Amino acid sequence: KLAPTLMSELFVPVPWGEIRGRVWGPRQGYPVLCLHGWADNCGSFNTLIPLLPKEYRYVTIDLAGHGLSSHYPPGALYTCLSYVADVRRVLDCEYIIIIIFLLNIFDDMSALFPEMVDALVLLDAEQFVVTDKETTSKMRQGLDEIIQFEASSKKKKVYTYAEALERLLAAIPITKHSAQILLERGLVSVEGGIDVVRMMCFFVRFFQCECVTVEGDHHVHLNNPEHVAPHISKFLQTKLSSSSSRL
């Protein structure tokens with residue numbers, strides 16, 4: 001088992017508070033991000049991680065509104081896309097994803113940021129939704145812009161009406177008249193000009209996978225981790241060997 005001294009608490013500042021979690025394993029180990037399901041917290045991996053290969057660095061987080069992490073501001077929705085943005089905030093601080101452990105629909109992370117996801121291990125996964133590459137590219141751009149804006153101390157970028165109209169026409173296939181209609185409620189006045197109001201929706205993509213069935217319920221990884229640990233360990237060791245051979 002992993003030595004207790006190799007587990008530490010994780011604190012990541014975010015605009016509304018902090019994301020909390022735990023880190024297991026050596027600092028130089030291959031990073032593995034572990035994401036829990038709805039109404040759970042990162043403690044759901046406490047019994048599983050000690051049974052997994054010690055060469056990895058396991059990063060477990062409490063998603064916003066779960067465990068010890070801060071809740072979103074009143075009125076904000078808890079969506080999978082919001083959680084993807086939170087994962088990006090954690091990764092920007094220190095970590096790189098190699099494998100994500102999933103209990104709900106978090107495969108959108110692999111769709112929007114494929115270079116950060118070497119592989120996925122899905123526990124009791126939901127069915128995938130198919131979308132096209134252009135859609136995921138736009139979604140990724142939107143998330144990146146939001147996070148960059150949060151980290152920036154600069155003022156909002158100000159546009160003229162003509163510039164805002166040009167940006168909208170370049171972004172989506174609509175007529176000039178339709179764009180003008182949308183801009184009636186898509187612009188806000190700021191000092192020196194106008195600011196563009198952005199909107200985003202949620203999609204994921206389909207990818208090939210291998211399915212293994214084990215005895216247990218939705219929380220088998222917590223209640224009976226010995227049922228899933230051998231399969232995950234074998235997969236991790238395979239990925240480690242494959243990655244090492246490419247160096």
# chains A, B, ... in the order shown; residues from 1 in each chain; ligands from 1
>>> residues_around(residues="Gly21 (chain A)", least_positions_apart="3", cutoff="6 Å", atoms="only C-alpha atoms", output="JSON, numbers by chain")
{"A": [9, 10, 60, 61, 62]}
>>> residues_around(residues="region 175-180 of chain A", least_positions_apart="6", cutoff="10 Å", atoms="only C-alpha atoms", output="PyMOL selection string")
chain A and resi 161+164-169+186
>>> residues_around(residues="Val59 (chain A)", least_positions_apart="2", cutoff="12 Å", atoms="only C-alpha atoms", output="PyMOL selection string")
chain A and resi 6-11+20-27+29-36+42-43+45-46+49+56-57+61-62+87+90-91+94-101
>>> atom_distance(atom1="CA of Gln237 (chain A)", atom2="CA of Thr47 (chain A)")
19.3 Å
>>> atom_distance(atom1="CA of Glu215 (chain A)", atom2="CA of Thr238 (chain A)")
23.3 Å
>>> residues_around(residues="His227 (chain A)", least_positions_apart="3", cutoff="12 Å", atoms="only C-alpha atoms", output="PyMOL selection string")
chain A and resi 47-48+51-52+123+212-217+219-224+230-233
>>> closest_residue(among="A:Asn41, A:Thr79, A:Thr160, A:Ser70", to="Ser189 (chain A)", atoms="only C-alpha atoms")
A:Thr160
>>> atom_distance(atom1="CA of Val158 (chain A)", atom2="CA of Tyr83 (chain A)")
28.8 Å
